[in-house]
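> To be precise about what I am sending: the file is called data16.txt and holds compact mmCIF, C-alpha atoms.
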# COMPACT_ATOMS: atom_id res chain seq x y z
CA MET Q 1 -56.28 -137.02 91.40
CA GLU Q 2 -54.52 -133.77 92.39
CA ARG Q 3 -55.94 -132.05 95.48
CA ASP Q 4 -57.36 -128.56 95.19
CA PRO Q 5 -55.69 -126.32 97.84
CA GLU Q 6 -58.54 -123.82 97.71
CA ARG Q 7 -61.06 -126.59 98.40
CA ASP Q 8 -58.85 -127.85 101.26
CA ARG Q 9 -58.76 -124.38 102.81
CA LEU Q 10 -62.53 -123.98 102.44
CA SER Q 11 -63.14 -127.42 103.94
CA GLY Q 12 -60.83 -126.59 106.83
CA ARG Q 13 -62.60 -123.31 107.51
CA MET Q 14 -66.04 -124.94 107.40
CA ALA Q 15 -64.94 -127.73 109.76
CA ARG Q 16 -63.40 -125.21 112.14
CA PHE Q 17 -66.49 -123.00 112.00
CA ALA Q 18 -68.66 -125.96 112.97
CA LYS Q 19 -66.32 -126.98 115.80
CA VAL Q 20 -66.11 -123.46 117.22
CA GLY Q 21 -69.84 -123.00 116.85
CA VAL Q 22 -70.57 -126.18 118.77
CA GLY Q 23 -68.13 -125.14 121.50
CA LEU Q 24 -69.57 -121.67 121.93
CA SER Q 25 -73.13 -122.92 121.58
CA GLY Q 26 -72.47 -125.37 124.38
CA ALA Q 27 -71.13 -122.57 126.55
CA ALA Q 28 -74.13 -120.40 125.65
CA ALA Q 29 -76.50 -123.23 126.63
CA THR Q 30 -74.72 -123.51 129.96
CA PHE Q 31 -75.10 -119.74 130.43
CA GLY Q 32 -78.84 -120.09 129.91
CA ALA Q 33 -79.18 -123.02 132.31
CA ASN Q 34 -77.19 -121.16 134.95
CA ALA Q 35 -79.43 -118.12 134.59
CA LEU Q 36 -82.56 -120.27 134.95
CA PHE Q 37 -81.46 -122.53 137.80
CA GLY Q 38 -78.33 -120.89 139.20
CA SER Q 39 -77.57 -119.17 142.45
CA GLY Q 40 -75.06 -116.52 143.49
CA ASP Q 41 -72.03 -118.03 141.72
CA ILE Q 42 -73.44 -117.70 138.19
CA ASP Q 43 -70.53 -115.59 136.89
CA GLN Q 44 -68.00 -118.10 138.20
CA ARG Q 45 -69.76 -121.05 136.58
CA ASN Q 46 -70.31 -119.18 133.30
CA ALA Q 47 -66.63 -118.26 133.21
CA ARG Q 48 -65.61 -121.88 133.78
CA ALA Q 49 -67.92 -123.05 130.96
CA LEU Q 50 -66.40 -120.54 128.53
CA LYS Q 51 -62.85 -121.53 129.49
CA GLU Q 52 -63.61 -125.21 128.98
CA ALA Q 53 -65.17 -124.56 125.58
CA LEU Q 54 -62.19 -122.51 124.38
CA GLY Q 55 -59.59 -124.81 125.94
CA ARG Q 56 -60.82 -127.70 123.80
CA LEU Q 57 -60.50 -125.67 120.61
CA LYS Q 58 -56.86 -124.52 120.68
CA GLY Q 59 -55.75 -121.84 118.23
CA PRO Q 60 -56.56 -118.17 117.64
CA LEU Q 61 -59.89 -117.91 119.46
CA MET Q 62 -58.17 -119.19 122.58
CA LYS Q 63 -55.43 -116.61 122.03
CA VAL Q 64 -58.00 -113.82 121.75
CA ALA Q 65 -59.45 -114.92 125.08
CA GLN Q 66 -55.97 -114.82 126.61
CA MET Q 67 -55.51 -111.26 125.30
CA PHE Q 68 -58.81 -110.10 126.77
CA ALA Q 69 -57.88 -111.64 130.12
CA THR Q 70 -54.81 -109.38 130.39
CA VAL Q 71 -56.68 -106.08 129.87
CA PRO Q 72 -57.77 -104.62 133.24
CA ASP Q 73 -61.54 -104.69 133.83
CA LEU Q 74 -62.33 -105.59 130.22
CA LEU Q 75 -63.76 -108.83 131.62
CA PRO Q 76 -65.45 -109.47 134.95
CA PRO Q 77 -62.89 -110.85 137.47
CA GLU Q 78 -64.34 -114.37 137.31
CA PHE Q 79 -63.88 -114.50 133.52
CA ALA Q 80 -60.36 -113.01 133.63
CA ALA Q 81 -59.20 -115.52 136.24
CA GLU Q 82 -60.50 -118.54 134.31
CA LEU Q 83 -59.29 -117.41 130.88
CA THR Q 84 -55.81 -116.60 132.18
CA GLU Q 85 -55.36 -120.32 132.85
CA LEU Q 86 -55.60 -120.97 129.10
CA GLN Q 87 -51.97 -119.82 128.79
CA THR Q 88 -50.80 -123.26 129.97
CA ASN Q 89 -53.53 -125.61 128.74
CA ALA Q 90 -52.63 -126.11 125.06
CA PRO Q 91 -52.14 -129.81 124.15
CA ALA Q 92 -49.04 -130.77 122.15
CA MET Q 93 -48.73 -132.56 118.80
CA SER Q 94 -47.57 -136.17 118.91
CA GLY Q 95 -44.10 -137.22 117.70
CA ALA Q 96 -45.51 -138.81 114.54
CA PHE Q 97 -47.44 -135.64 113.77
CA VAL Q 98 -44.30 -133.55 114.33
CA ARG Q 99 -42.37 -135.68 111.83
CA ARG Q 100 -45.05 -135.15 109.20
CA ARG Q 101 -45.19 -131.41 109.85
CA MET Q 102 -41.39 -131.05 109.66
CA ALA Q 103 -41.33 -133.01 106.40
CA ALA Q 104 -44.02 -130.73 104.99
CA GLU Q 105 -41.92 -127.64 105.82
CA LEU Q 106 -38.32 -128.78 105.13
CA GLY Q 107 -38.74 -131.86 102.95
CA PRO Q 108 -38.46 -135.62 103.59
CA ASP Q 109 -34.78 -135.38 104.59
CA TRP Q 110 -35.45 -132.74 107.25
CA ALA Q 111 -33.91 -134.77 110.08
CA ALA Q 112 -30.53 -134.83 108.28
CA ARG Q 113 -30.38 -131.03 108.61
CA PHE Q 114 -30.05 -131.29 112.40
CA THR Q 115 -27.57 -133.15 114.58
CA ASP Q 116 -30.50 -134.01 116.82
CA PHE Q 117 -34.13 -132.97 117.20
CA ASP Q 118 -36.30 -133.57 120.27
CA LEU Q 119 -39.76 -134.66 119.13
CA LYS Q 120 -41.16 -133.84 122.56
CA PRO Q 121 -41.95 -130.11 122.69
CA ALA Q 122 -40.19 -127.88 125.19
CA ALA Q 123 -43.26 -125.61 125.18
CA ALA Q 124 -46.75 -125.65 123.65
CA ALA Q 125 -49.01 -122.65 123.14
CA SER Q 126 -52.16 -121.65 121.28
CA LEU Q 127 -50.75 -121.41 117.72
CA GLY Q 128 -47.70 -123.67 117.78
CA GLN Q 129 -45.06 -125.45 119.85
CA VAL Q 130 -41.30 -125.19 120.35
CA HIS Q 131 -38.76 -128.04 120.08
CA ARG Q 132 -35.14 -128.18 121.11
CA ALA Q 133 -32.64 -129.16 118.42
CA THR Q 134 -28.94 -128.94 117.57
CA ALA Q 135 -27.58 -127.49 114.35
CA LEU Q 136 -25.03 -129.34 112.25
CA ASP Q 137 -22.39 -126.89 113.50
CA GLY Q 138 -23.32 -127.62 117.13
CA ARG Q 139 -25.42 -124.54 117.89
CA PRO Q 140 -28.40 -125.13 120.22
CA LEU Q 141 -31.62 -124.26 118.41
CA ALA Q 142 -35.24 -123.54 119.21
CA VAL Q 143 -37.61 -124.77 116.48
CA LYS Q 144 -41.06 -123.20 116.53
CA LEU Q 145 -43.53 -125.33 114.58
CA GLN Q 146 -47.02 -124.10 113.79
CA TYR Q 147 -49.98 -126.39 114.38
CA PRO Q 148 -51.65 -127.72 111.22
CA ASP Q 149 -54.60 -125.89 109.66
CA MET Q 150 -54.02 -122.69 111.63
CA GLN Q 151 -54.73 -120.52 108.57
CA SER Q 152 -58.19 -122.05 108.32
CA ALA Q 153 -58.67 -121.79 112.07
CA VAL Q 154 -57.75 -118.10 112.09
CA GLU Q 155 -60.22 -117.09 109.41
CA SER Q 156 -63.00 -119.12 110.99
CA ASP Q 157 -62.26 -118.00 114.54
CA LEU Q 158 -62.01 -114.33 113.66
CA GLY Q 159 -65.41 -114.67 112.04
CA GLN Q 160 -66.68 -115.98 115.38
CA LEU Q 161 -65.01 -113.20 117.36
CA ARG Q 162 -68.16 -111.11 117.44
CA THR Q 163 -70.01 -114.07 118.97
CA LEU Q 164 -67.45 -114.21 121.76
CA LEU Q 165 -67.69 -110.46 122.34
CA THR Q 166 -71.47 -110.56 122.73
CA MET Q 167 -71.73 -113.65 124.96
CA GLY Q 168 -70.97 -111.75 128.14
CA ARG Q 169 -73.63 -109.04 128.54
CA GLN Q 170 -71.48 -107.11 131.05
CA LEU Q 171 -68.16 -107.31 129.21
CA PHE Q 172 -67.72 -104.02 127.37
CA GLY Q 173 -70.32 -101.51 128.45
CA ALA Q 174 -69.50 -98.05 127.10
CA ILE Q 175 -66.40 -99.07 125.13
CA ASP Q 176 -66.91 -99.41 121.38
CA THR Q 177 -64.87 -102.51 120.49
CA ARG Q 178 -64.99 -102.35 116.68
CA GLU Q 179 -61.43 -101.05 116.30
CA ILE Q 180 -60.22 -103.48 118.96
CA ALA Q 181 -61.55 -106.39 116.90
CA VAL Q 182 -59.89 -105.09 113.72
CA GLU Q 183 -56.55 -104.65 115.46
CA ILE Q 184 -56.57 -108.06 117.12
CA SER Q 185 -57.51 -109.69 113.81
CA GLU Q 186 -54.56 -108.12 111.99
CA ARG Q 187 -52.06 -108.95 114.72
CA ILE Q 188 -53.16 -112.59 114.92
CA ARG Q 189 -52.84 -112.96 111.15
CA GLU Q 190 -49.30 -111.58 111.48
CA GLU Q 191 -48.51 -114.09 114.22
CA LEU Q 192 -49.21 -116.91 111.77
CA ASP Q 193 -46.54 -115.57 109.40
CA TYR Q 194 -43.28 -116.88 110.83
CA ASP Q 195 -41.30 -115.14 108.10
CA HIS Q 196 -42.70 -111.87 109.44
CA GLU Q 197 -41.72 -112.89 112.98
CA ALA Q 198 -38.18 -113.74 111.86
CA LYS Q 199 -37.85 -110.27 110.34
CA ALA Q 200 -39.16 -108.66 113.53
CA MET Q 201 -36.62 -110.70 115.49
CA ALA Q 202 -33.85 -109.49 113.17
CA LEU Q 203 -35.08 -105.90 113.64
CA TYR Q 204 -34.69 -106.16 117.42
CA GLY Q 205 -31.40 -108.03 117.06
CA ALA Q 206 -29.93 -105.19 115.00
CA PHE Q 207 -31.27 -102.54 117.38
CA PHE Q 208 -29.72 -104.18 120.46
CA ALA Q 209 -26.56 -105.43 118.74
CA ASN Q 210 -24.37 -103.23 120.97
CA ARG Q 211 -26.15 -104.09 124.23
CA PRO Q 212 -24.39 -107.03 125.95
CA ASP Q 213 -27.13 -107.05 128.60
CA ILE Q 214 -29.99 -107.66 126.11
CA ALA Q 215 -29.97 -110.76 123.89
CA ILE Q 216 -32.23 -111.51 120.93
CA PRO Q 217 -32.24 -114.97 119.29
CA ALA Q 218 -31.03 -114.91 115.70
CA PRO Q 219 -33.23 -116.64 113.11
CA ASP Q 220 -31.76 -119.45 111.03
CA TRP Q 221 -33.17 -118.55 107.64
CA ALA Q 222 -32.10 -121.80 105.96
CA LEU Q 223 -34.16 -123.83 108.45
CA SER Q 224 -37.23 -121.59 108.49
CA THR Q 225 -40.39 -121.19 106.43
CA GLY Q 226 -43.63 -119.26 106.77
CA ARG Q 227 -44.86 -121.87 109.30
CA LEU Q 228 -41.55 -122.98 110.80
CA LEU Q 229 -39.16 -120.67 112.64
CA THR Q 230 -35.73 -121.91 113.69
CA MET Q 231 -33.62 -119.66 115.91
CA ASP Q 232 -30.91 -119.66 118.55
CA TRP Q 233 -31.80 -121.35 121.82
CA LEU Q 234 -31.11 -118.92 124.66
CA GLU Q 235 -30.73 -120.36 128.14
CA GLY Q 236 -32.22 -118.37 130.99
CA ARG Q 237 -34.49 -118.35 134.00
CA GLY Q 238 -37.93 -116.78 134.10
CA LEU Q 239 -38.87 -113.70 136.05
CA ALA Q 240 -40.36 -115.73 138.90
CA ALA Q 241 -36.91 -117.11 139.74
CA PHE Q 242 -35.79 -113.64 140.84
CA THR Q 243 -38.69 -112.44 142.96
CA GLY Q 244 -36.75 -113.43 146.10
CA ALA Q 245 -33.53 -111.71 145.04
CA ASP Q 246 -32.17 -108.69 146.88
CA GLN Q 247 -33.63 -105.26 146.11
CA ALA Q 248 -30.63 -104.07 144.09
CA SER Q 249 -30.80 -107.12 141.81
CA ARG Q 250 -34.54 -106.74 141.26
CA ASN Q 251 -34.09 -103.05 140.48
CA HIS Q 252 -31.39 -103.96 137.96
CA LEU Q 253 -33.69 -106.43 136.20
CA ALA Q 254 -36.47 -103.85 136.04
CA ARG Q 255 -34.16 -101.26 134.51
CA ILE Q 256 -33.13 -103.65 131.71
CA LEU Q 257 -36.78 -104.61 131.09
CA PHE Q 258 -37.78 -100.95 130.94
CA GLU Q 259 -35.06 -100.10 128.42
CA ALA Q 260 -35.73 -103.21 126.32
CA TRP Q 261 -39.38 -102.15 125.92
CA TRP Q 262 -39.38 -98.34 125.88
CA THR Q 263 -36.21 -97.61 123.88
CA PRO Q 264 -37.31 -99.39 120.66
CA PHE Q 265 -40.69 -97.68 120.97
CA ILE Q 266 -39.20 -94.18 121.24
CA GLN Q 267 -36.35 -94.71 118.78
CA LEU Q 268 -38.02 -96.99 116.17
CA GLY Q 269 -41.75 -96.77 116.89
CA VAL Q 270 -42.10 -100.52 117.61
CA ILE Q 271 -43.18 -102.48 120.67
CA HIS Q 272 -42.92 -106.06 121.79
CA GLY Q 273 -46.66 -106.49 122.20
CA ASP Q 274 -46.92 -109.75 124.17
CA PRO Q 275 -46.66 -109.11 127.92
CA HIS Q 276 -46.56 -112.79 128.91
CA LEU Q 277 -43.94 -113.19 131.66
CA GLY Q 278 -42.58 -116.29 129.90
CA ASN Q 279 -41.23 -114.04 127.16
CA TYR Q 280 -38.65 -112.57 129.54
CA ALA Q 281 -35.75 -114.74 130.73
CA PHE Q 282 -32.49 -113.82 132.41
CA ALA Q 283 -29.14 -115.51 131.82
CA GLY Q 284 -26.32 -116.09 134.27
CA ASP Q 285 -26.64 -114.04 137.44
CA ALA Q 286 -29.39 -111.95 135.83
CA ASP Q 287 -26.83 -109.83 133.99
CA ARG Q 288 -28.50 -110.39 130.61
CA LEU Q 289 -32.12 -110.27 129.49
CA ASN Q 290 -33.23 -112.76 126.83
CA LEU Q 291 -36.17 -111.21 125.00
CA LEU Q 292 -38.26 -113.93 123.35
CA ASP Q 293 -41.23 -114.39 120.99
CA PHE Q 294 -41.56 -111.70 118.33
CA GLY Q 295 -44.86 -112.82 116.85
CA CYS Q 296 -46.63 -109.70 118.15
CA VAL Q 297 -44.44 -106.72 117.26
CA ARG Q 298 -46.48 -103.61 116.53
CA VAL Q 299 -45.15 -100.79 114.32
CA PHE Q 300 -46.58 -97.33 115.12
CA PRO Q 301 -46.81 -94.17 113.03
CA PRO Q 302 -44.31 -91.55 114.25
CA ALA Q 303 -47.24 -89.24 115.09
CA PHE Q 304 -48.55 -91.79 117.60
CA VAL Q 305 -45.18 -91.98 119.34
CA GLY Q 306 -45.08 -88.19 119.26
CA GLY Q 307 -48.42 -88.20 121.07
CA VAL Q 308 -46.95 -90.34 123.85
CA VAL Q 309 -44.06 -87.90 124.29
CA LYS Q 310 -46.40 -84.91 124.07
CA LEU Q 311 -48.73 -86.30 126.75
CA HIS Q 312 -45.79 -86.98 129.07
CA ARG Q 313 -44.62 -83.38 128.81
CA ALA Q 314 -48.14 -81.94 129.00
CA MET Q 315 -48.92 -83.83 132.18
CA ILE Q 316 -45.71 -82.61 133.82
CA ASP Q 317 -46.48 -79.02 132.79
CA GLY Q 318 -50.22 -79.14 133.57
CA ASP Q 319 -50.88 -78.26 129.91
CA ARG Q 320 -54.53 -79.14 129.23
CA ALA Q 321 -54.39 -78.21 125.53
CA GLY Q 322 -51.28 -80.36 125.11
CA GLU Q 323 -53.08 -83.32 126.66
CA MET Q 324 -55.98 -82.92 124.22
CA ASP Q 325 -53.54 -82.74 121.30
CA ALA Q 326 -51.88 -85.95 122.48
CA TYR Q 327 -55.18 -87.84 122.64
CA ARG Q 328 -55.99 -86.67 119.12
CA ALA Q 329 -52.56 -87.83 117.93
CA TRP Q 330 -53.44 -91.26 119.29
CA GLY Q 331 -56.58 -91.31 117.15
CA PHE Q 332 -59.34 -90.42 119.62
CA LYS Q 333 -62.02 -88.54 117.69
CA GLY Q 334 -64.80 -86.15 118.70
CA LEU Q 335 -63.18 -85.42 122.06
CA THR Q 336 -65.18 -83.45 124.57
CA ASP Q 337 -63.81 -82.05 127.81
CA ASP Q 338 -65.75 -84.69 129.75
CA VAL Q 339 -64.32 -87.59 127.74
CA ALA Q 340 -60.81 -86.11 127.95
CA ASP Q 341 -61.18 -85.99 131.74
CA ILE Q 342 -62.13 -89.66 131.74
CA LEU Q 343 -59.17 -90.59 129.53
CA GLY Q 344 -57.04 -88.63 131.96
CA ILE Q 345 -57.89 -91.08 134.75
CA TRP Q 346 -56.22 -93.86 132.78
CA ALA Q 347 -53.38 -91.67 131.49
CA ARG Q 348 -52.47 -90.53 135.00
CA PHE Q 349 -52.35 -94.15 136.11
CA ILE Q 350 -50.11 -95.29 133.23
CA TYR Q 351 -48.00 -92.12 133.26
CA GLY Q 352 -47.91 -91.69 137.03
CA PRO Q 353 -44.49 -93.34 137.46
CA LEU Q 354 -43.15 -91.43 134.42
CA ILE Q 355 -44.04 -87.98 135.76
CA ASP Q 356 -43.22 -88.59 139.43
CA ASP Q 357 -39.59 -87.54 139.96
CA ARG Q 358 -38.69 -89.92 142.79
CA VAL Q 359 -37.71 -93.53 143.44
CA ARG Q 360 -40.88 -95.62 143.82
CA THR Q 361 -42.59 -98.82 142.74
CA VAL Q 362 -44.56 -98.67 139.51
CA ALA Q 363 -47.82 -98.72 141.53
CA ASP Q 364 -47.43 -98.33 145.28
CA GLY Q 365 -49.52 -100.77 147.31
CA VAL Q 366 -50.97 -102.65 144.30
CA ALA Q 367 -50.68 -106.42 143.81
CA PRO Q 368 -49.62 -107.67 140.33
CA GLY Q 369 -52.99 -109.27 139.56
CA HIS Q 370 -54.84 -106.04 140.35
CA TYR Q 371 -52.62 -103.65 138.39
CA GLY Q 372 -54.86 -101.15 136.62
CA ARG Q 373 -58.17 -102.73 137.62
CA ARG Q 374 -59.37 -99.93 139.92
CA GLU Q 375 -58.59 -97.22 137.35
CA ALA Q 376 -60.08 -99.23 134.49
CA PHE Q 377 -63.27 -99.70 136.51
CA GLN Q 378 -63.47 -95.93 137.16
CA VAL Q 379 -63.02 -95.21 133.44
CA LYS Q 380 -65.62 -97.78 132.47
CA GLN Q 381 -68.18 -96.43 134.93
CA ALA Q 382 -67.58 -92.83 133.85
CA LEU Q 383 -68.00 -93.72 130.18
CA VAL Q 384 -71.40 -95.24 130.88
CA ALA Q 385 -72.61 -91.66 131.42
CA LYS Q 386 -70.38 -89.84 128.89
CA GLY Q 387 -69.50 -92.49 126.27
CA PRO Q 388 -69.36 -94.54 124.26
CA VAL Q 389 -65.80 -93.95 123.11
CA THR Q 390 -64.10 -95.78 120.25
CA ILE Q 391 -60.66 -97.02 121.26
CA PRO Q 392 -58.21 -96.31 118.39
CA ARG Q 393 -56.69 -99.48 117.04
CA GLU Q 394 -53.09 -98.33 117.63
CA PHE Q 395 -53.90 -97.94 121.31
CA VAL Q 396 -54.85 -101.60 121.87
CA PHE Q 397 -51.47 -103.32 122.01
CA MET Q 398 -49.66 -100.27 123.36
CA ASP Q 399 -51.98 -100.33 126.35
CA ARG Q 400 -51.89 -104.11 126.76
CA ALA Q 401 -48.09 -104.24 126.62
CA ALA Q 402 -47.71 -101.36 129.09
CA ILE Q 403 -49.96 -103.20 131.54
CA GLY Q 404 -47.95 -106.40 131.11
CA LEU Q 405 -44.69 -104.56 131.67
CA GLY Q 406 -46.07 -102.87 134.78
CA ALA Q 407 -47.18 -106.24 136.13
CA ALA Q 408 -43.63 -107.56 135.63
CA PHE Q 409 -42.25 -104.64 137.65
CA LEU Q 410 -44.75 -105.38 140.41
CA HIS Q 411 -43.79 -109.06 140.47
CA LEU Q 412 -40.22 -107.90 141.06
CA ALA Q 413 -41.31 -105.26 143.60
CA ALA Q 414 -38.79 -103.08 141.76
CA GLU Q 415 -38.07 -99.48 142.74
CA GLN Q 416 -36.78 -96.95 140.23
CA ASN Q 417 -36.96 -93.31 139.30
CA TRP Q 418 -39.08 -94.23 136.27
CA ARG Q 419 -39.21 -90.64 135.07
CA LYS Q 420 -35.43 -90.46 134.73
CA LEU Q 421 -35.36 -93.76 132.86
CA PHE Q 422 -38.06 -92.56 130.47
CA GLU Q 423 -36.47 -89.18 129.87
CA ALA Q 424 -33.15 -90.87 129.07
CA SER Q 425 -34.91 -92.69 126.22
CA LEU Q 426 -36.19 -89.35 124.85
CA GLU Q 427 -32.76 -87.84 124.21
CA GLY Q 428 -32.76 -86.24 120.77
CA PHE Q 429 -36.35 -87.31 120.04
CA SER Q 430 -38.29 -85.78 117.17
CA GLU Q 431 -40.98 -87.26 114.95
CA ALA Q 432 -38.92 -86.48 111.84
CA ALA Q 433 -35.85 -88.27 113.19
CA LEU Q 434 -38.00 -91.23 114.25
CA ALA Q 435 -39.59 -91.45 110.79
CA ALA Q 436 -36.15 -91.61 109.14
CA ARG Q 437 -34.79 -94.23 111.56
CA GLN Q 438 -37.94 -96.33 111.32
CA ALA Q 439 -37.92 -96.38 107.52
CA ALA Q 440 -34.25 -97.37 107.42
CA ALA Q 441 -34.53 -100.06 110.09
CA LEU Q 442 -37.69 -101.65 108.67
CA GLY Q 443 -36.26 -101.55 105.18
CA ALA Q 444 -33.05 -103.27 106.28
CA VAL Q 445 -34.94 -106.38 107.46
CA GLY Q 446 -37.66 -106.35 104.81
CA LEU Q 447 -40.53 -105.12 106.96
CA ALA Q 448 -41.04 -101.81 105.14
What is this file in structure tokens?

Amino acid sequence: MERDPERDRLSGRMARFAKVGVGLSGAAATFGANALFGSGDIDQRNARALKEALGRLKGPLMKVAQMFATVPDLLPPEFAAELTELQTNAPAMSGAFVRRRMAAELGPDWAARFTDFDLKPAAAASLGQVHRATALDGRPLAVKLQYPDMQSAVESDLGQLRTLLTMGRQLFGAIDTREIAVEISERIREELDYDHEAKAMALYGAFFANRPDIAIPAPDWALSTGRLLTMDWLEGRGLAAFTGADQASRNHLARILFEAWWTPFIQLGVIHGDPHLGNYAFAGDADRLNLLDFGCVRVFPPAFVGGVVKLHRAMIDGDRAGEMDAYRAWGFKGLTDDVADILGIWARFIYGPLIDDRVRTVADGVAPGHYGRREAFQVKQALVAKGPVTIPREFVFMDRAAIGLGAAFLHLAAEQNWRKLFEASLEGFSEAALAARQAAALGAVGLA
């Protein structure tokens, strides 16, 4: 009897819903017991219970938790510290399971399409794992294979997202998270579409084609599907390998990172939205940046990018009306002077290095793990009296990625004139020119 794919998807979603519900219910029960019998370390024990529940689930809900953990002061410190550990806790698929998954994507003769294929993953994450392989022509390859049933898991987990948001009574305070939830849902659905990721990778590859110091893996279209992405394997060392390098070398790395992130945003209106330090690797003697993982590439309307440029100029000029216009361009609605002042606390933190015309670190005297936390706490407390404020959806990944990039600069203890670097990326900028370039570039890779 032929299987009904719609029934399979429904069954998968129902099974996932039950599994997630049991996991979160168990965590909620622990929360209640801790409140009844606990002592002064309740937050720590609650955070550990939530991490353990999510760590057993794997998949998108775990990824959402990872995202929340990177946003300053969105979670209490105990929760952020525990959930950050989820980055490395994803279990891998067995070799037999990998064979079945590869056959499902490339057919029963899939192994004959590679010279060799390592069934043991080189890396495992929340939505899939990466294997090393060799092409028939000898090229080293990275093969990103999605875990089974992730489509069902996504739809079930996103339905449970509101449960996760309401479990911690202190988590969000005066911030209206409705747009945040919508944005995260859309981006996670995109991350499941490996064809979309391959196109985003090609977009960045074309943009940096003339930059020998920035490398983007090229997708192998013949060995890829919507749930399997095969690309060049790029050798390199992670950021942590260079924290002990001399100051000039660390400054050089920071400059390349800055240009690899900001230039596509200003020139094409796109960002690499995953700030995980594992997505940056350096080849050779750190003379080339390998930019990895294009599952979370966010495309912005030209008006949003124009708002970023407008705010930069307004803050330099002390132009209050220009600042208000920039916030409106980002999508903040119903702005009052009080709320604009509160937003200014955060803007002056993020933009501080970009308006200060001197060589400096990105945040003098701040440790990487605390980057943005003091300012986020001030904003959160101020909004309790003046809010709530709805965070525009376009702002979510822009903000998250900027924080991740800043943390990378702090890990390097890099010193730059950040304003000069930023202004170099603005040469010839206009919203009209950006709109034309964006349309052409997206169209060329099939993302329009």
> Do you know which residues are at most 9 Å from Ile342 (chain Q) counting only C-alpha atoms, after dropping those on the same chain fewer than 6 positions away, and could you put them as a ChimeraX atom specification?
/Q:378-380,382-383,386
> Can you work out which one of Q:Leu239, Q:Leu145, Q:Leu412, Q:Ile188 has the shortest atom-to-atom distance to Asp157 (chain Q), counting only C-alpha atoms?
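Nearest candidate to Asp157 (chain Q) out of Q:Leu239, Q:Leu145, Q:Leu412, Q:Ile188: Q:Ile188.
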> Give me the residues within 9 Å of region 230-236 of chain Q as a PyMOL selection string, counting only C-alpha atoms and dropping any in the same chain fewer than 3 places off.
chain Q and resi 132-133+139-145+198+215-225+280-284+286+288-290+292
> Between Q:Ile350, Q:Ala200, Q:Ile214, Q:Ala248, which one has atoms that come closest to Ala413 (chain Q), using all atoms listed in the file?
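Smallest distance to Ala413 (chain Q) is found for Q:Ala248.
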> Quick one, how far is CA of Arg400 (chain Q) from CA of Gly226 (chain Q)?
26.4 Å
> Point out the residue among Q:Gly365, Q:Arg255, Q:Asp274, Q:Gly295 with the least atom-to-atom distance to Lys420 (chain Q), counting only C-alpha atoms.
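Answer, going by the shortest atom-to-atom distance: Q:Arg255.
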> May I have the protein, DNA and RNA residues with any atom at most 12 Å from the point (-40.3, -105.2, 143.6), counting all atoms listed in the file, written as a PDB file with C-alpha atoms, keeping the file's coordinate frame?

ATOM      1  CA  LEU Q 239     -38.870-113.700 136.050  1.00  0.00           C
ATOM      2  CA  ALA Q 240     -40.360-115.730 138.900  1.00  0.00           C
ATOM      3  CA  PHE Q 242     -35.790-113.640 140.840  1.00  0.00           C
ATOM      4  CA  THR Q 243     -38.690-112.440 142.960  1.00  0.00           C
ATOM      5  CA  GLY Q 244     -36.750-113.430 146.100  1.00  0.00           C
ATOM      6  CA  ALA Q 245     -33.530-111.710 145.040  1.00  0.00           C
ATOM      7  CA  ASP Q 246     -32.170-108.690 146.880  1.00  0.00           C
ATOM      8  CA  GLN Q 247     -33.630-105.260 146.110  1.00  0.00           C
ATOM      9  CA  ALA Q 248     -30.630-104.070 144.090  1.00  0.00           C
ATOM     10  CA  SER Q 249     -30.800-107.120 141.810  1.00  0.00           C
ATOM     11  CA  ARG Q 250     -34.540-106.740 141.260  1.00  0.00           C
ATOM     12  CA  ASN Q 251     -34.090-103.050 140.480  1.00  0.00           C
ATOM     13  CA  HIS Q 252     -31.390-103.960 137.960  1.00  0.00           C
ATOM     14  CA  LEU Q 253     -33.690-106.430 136.200  1.00  0.00           C
ATOM     15  CA  ALA Q 254     -36.470-103.850 136.040  1.00  0.00           C
ATOM     16  CA  ARG Q 255     -34.160-101.260 134.510  1.00  0.00           C
ATOM     17  CA  VAL Q 359     -37.710 -93.530 143.440  1.00  0.00           C
ATOM     18  CA  ARG Q 360     -40.880 -95.620 143.820  1.00  0.00           C
ATOM     19  CA  THR Q 361     -42.590 -98.820 142.740  1.00  0.00           C
ATOM     20  CA  VAL Q 362     -44.560 -98.670 139.510  1.00  0.00           C
ATOM     21  CA  ALA Q 363     -47.820 -98.720 141.530  1.00  0.00           C
ATOM     22  CA  ASP Q 364     -47.430 -98.330 145.280  1.00  0.00           C
ATOM     23  CA  GLY Q 365     -49.520-100.770 147.310  1.00  0.00           C
ATOM     24  CA  VAL Q 366     -50.970-102.650 144.300  1.00  0.00           C
ATOM     25  CA  ALA Q 367     -50.680-106.420 143.810  1.00  0.00           C
ATOM     26  CA  PRO Q 368     -49.620-107.670 140.330  1.00  0.00           C
ATOM     27  CA  GLY Q 406     -46.070-102.870 134.780  1.00  0.00           C
ATOM     28  CA  ALA Q 407     -47.180-106.240 136.130  1.00  0.00           C
ATOM     29  CA  ALA Q 408     -43.630-107.560 135.630  1.00  0.00           C
ATOM     30  CA  PHE Q 409     -42.250-104.640 137.650  1.00  0.00           C
ATOM     31  CA  LEU Q 410     -44.750-105.380 140.410  1.00  0.00           C
ATOM     32  CA  HIS Q 411     -43.790-109.060 140.470  1.00  0.00           C
ATOM     33  CA  LEU Q 412     -40.220-107.900 141.060  1.00  0.00           C
ATOM     34  CA  ALA Q 413     -41.310-105.260 143.600  1.00  0.00           C
ATOM     35  CA  ALA Q 414     -38.790-103.080 141.760  1.00  0.00           C
ATOM     36  CA  GLU Q 415     -38.070 -99.480 142.740  1.00  0.00           C
ATOM     37  CA  GLN Q 416     -36.780 -96.950 140.230  1.00  0.00           C
TER      38      GLN Q 416
END
